[in-house]
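What follows is one structure encoded as structure tokens, with my remarks underneath.
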Amino acid sequence: MQVQQFNQAIAQKPDAILLEAIDTKSVVPSIRKAKAAGVPVINMDGPADPSAENDVALQILPDNAQLGRFAAQNVVEGLKARGLDKGNVIAITGTKASLITEDRMRGFNEELAKSPGYKLVATEDGDWDAVKSGKIAQELFAKYGSHGGVQAAYGMADYQAVPIIQAAKQAGLKVGVDDKGLIVTGSNCTKAGVDSIRNGLMFGTASEDPGTQAKDTGDWVVKYLSGTKVPQKVILPQDRITKENVDKFYDLCKVS
């Protein structure tokens with residue numbers, strides 16, 4: 001469907017096409033078709049497929065590796081706050097094949113490797129789905145219950161992290177530093193996520209809230225269309241969110 005819509009847009013010969021690809025590989029021929037037709041494509045959110053990155057006019061992307069690093073920092077600080085120098089960590093990710101997921105896990109793994117006592121024992125594809133993420137969490141808590149348990153969990157989006165918390169409670173596990181329980185971090189902040197941080201259930205998350213992303217993207221699109229010289233790839237910085245600064249970001253995240 002997206003490819004069909006893309007091709008229809010090219011036929012209308014607009015000044016630019018803004019693209020947020022569902023499947024980065026499937027839109028590669030359309031990106032090249034647009035370039036041949038003189039229609040610039042501005043790629044957003046997730047990186048373009050490497051084979052087409054030189055065919056897009058501009059990419060405006062969140063720093064996904066940074067988001068992964070923030071999640072690992074939350075895990076490490078949470079476990080240290082619990083007084084643990086060792087622990088099993090699980091990650092329930094977005095769609096495994098997406099470049100967003102790959103970039104975030106690269107950042108997460110690099111940061112976690114700095115604290116070798118904490119081991120990533122499972123990385124499962126949650127497909128950006130809340131229900132699926134909760135089911136996976138239940139299975140992992142059962143699987144590792146007789147192998148030292150799970151001490152920390154990374155839900156790649158807040159709406160994946162919150163079901164992990166719910167699954168932990170259903171499994172009879174404690175959650176949060178104050179209860180000496182499971183350390184959970186999210187990302188892509190949402191109201192449920194920042195509320196969980198305030199309640200002491202989620203240790204942390206990160207920004208990439210839709211409002212800020214939309215504004216920043218719009219600003220760069222205007223610059224490009226007005227003829228301002230811009231880099232081909234713009235990386236939008238993100239912020240780490242914990243209990244210490246959650247109030248600062250609450251209003252931005254609560255609309256998600």
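Within each chain, counting starts at residue 1; across the structure tokens, chains are named A, B, ... in the order shown, with ligands numbered 1 upward in that order.
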* To do: Considering only C-alpha atoms, return as number ranges by chain whatever protein or nucleic-acid residues lie within 8 Å of A:Gly46, sequence-local ones (same chain, fewer than 3 positions apart) excluded.
  => A: 20-21, 43, 61-62, 99-100
Write the residues of the selection above to a file with C-alpha atoms, as a compact mmCIF listing (two decimals), in the first residue's frame.
```txt
# COMPACT_ATOMS: atom_id res chain seq x y z
CA GLU A 20 8.46 7.50 6.89
CA ALA A 21 8.94 4.04 5.47
CA ASN A 43 13.34 10.58 4.76
CA LEU A 61 16.62 11.09 12.10
CA PRO A 62 16.59 10.74 15.86
CA LEU A 99 17.33 -0.28 11.05
CA ILE A 100 15.93 1.66 14.02
```
* Asked: stretch 140-211 of chain A: which residues are alpha helix (DSSP H) by DSSP, as number ranges by chain?
  -> A: 140-144, 158-170, 191-198, 210-211
* Do you know which residues are at most 10 Å from A:Leu67 counting only C-alpha atoms, after dropping those on the same chain fewer than 3 positions away, and could you put them as a count of residues only? -> 24
* Extract, using only C-alpha atoms, all DNA, RNA and protein residues at most 12 Å from A:Val56, discarding same-chain residues fewer than 4 positions from it, and format them as a count of residues only. => 31
* To do: List the neighbours of A:Gly172 out to 12 Å using only C-alpha atoms; skip same-chain residues closer than 4 positions along the sequence, and give me the result as an MDAnalysis selection string.
  => chainID A and resid 138 141:142 145 165:168 181:182
* Structure fact -> Separating atom CA of A:Gln160 from atom CA of A:Ala81, to the nearest tenth of an Å, is a gap of 23.1 Å
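The space between atom CA of A:Trp128 and atom CA of A:Ala161 spans 10.5 Å.
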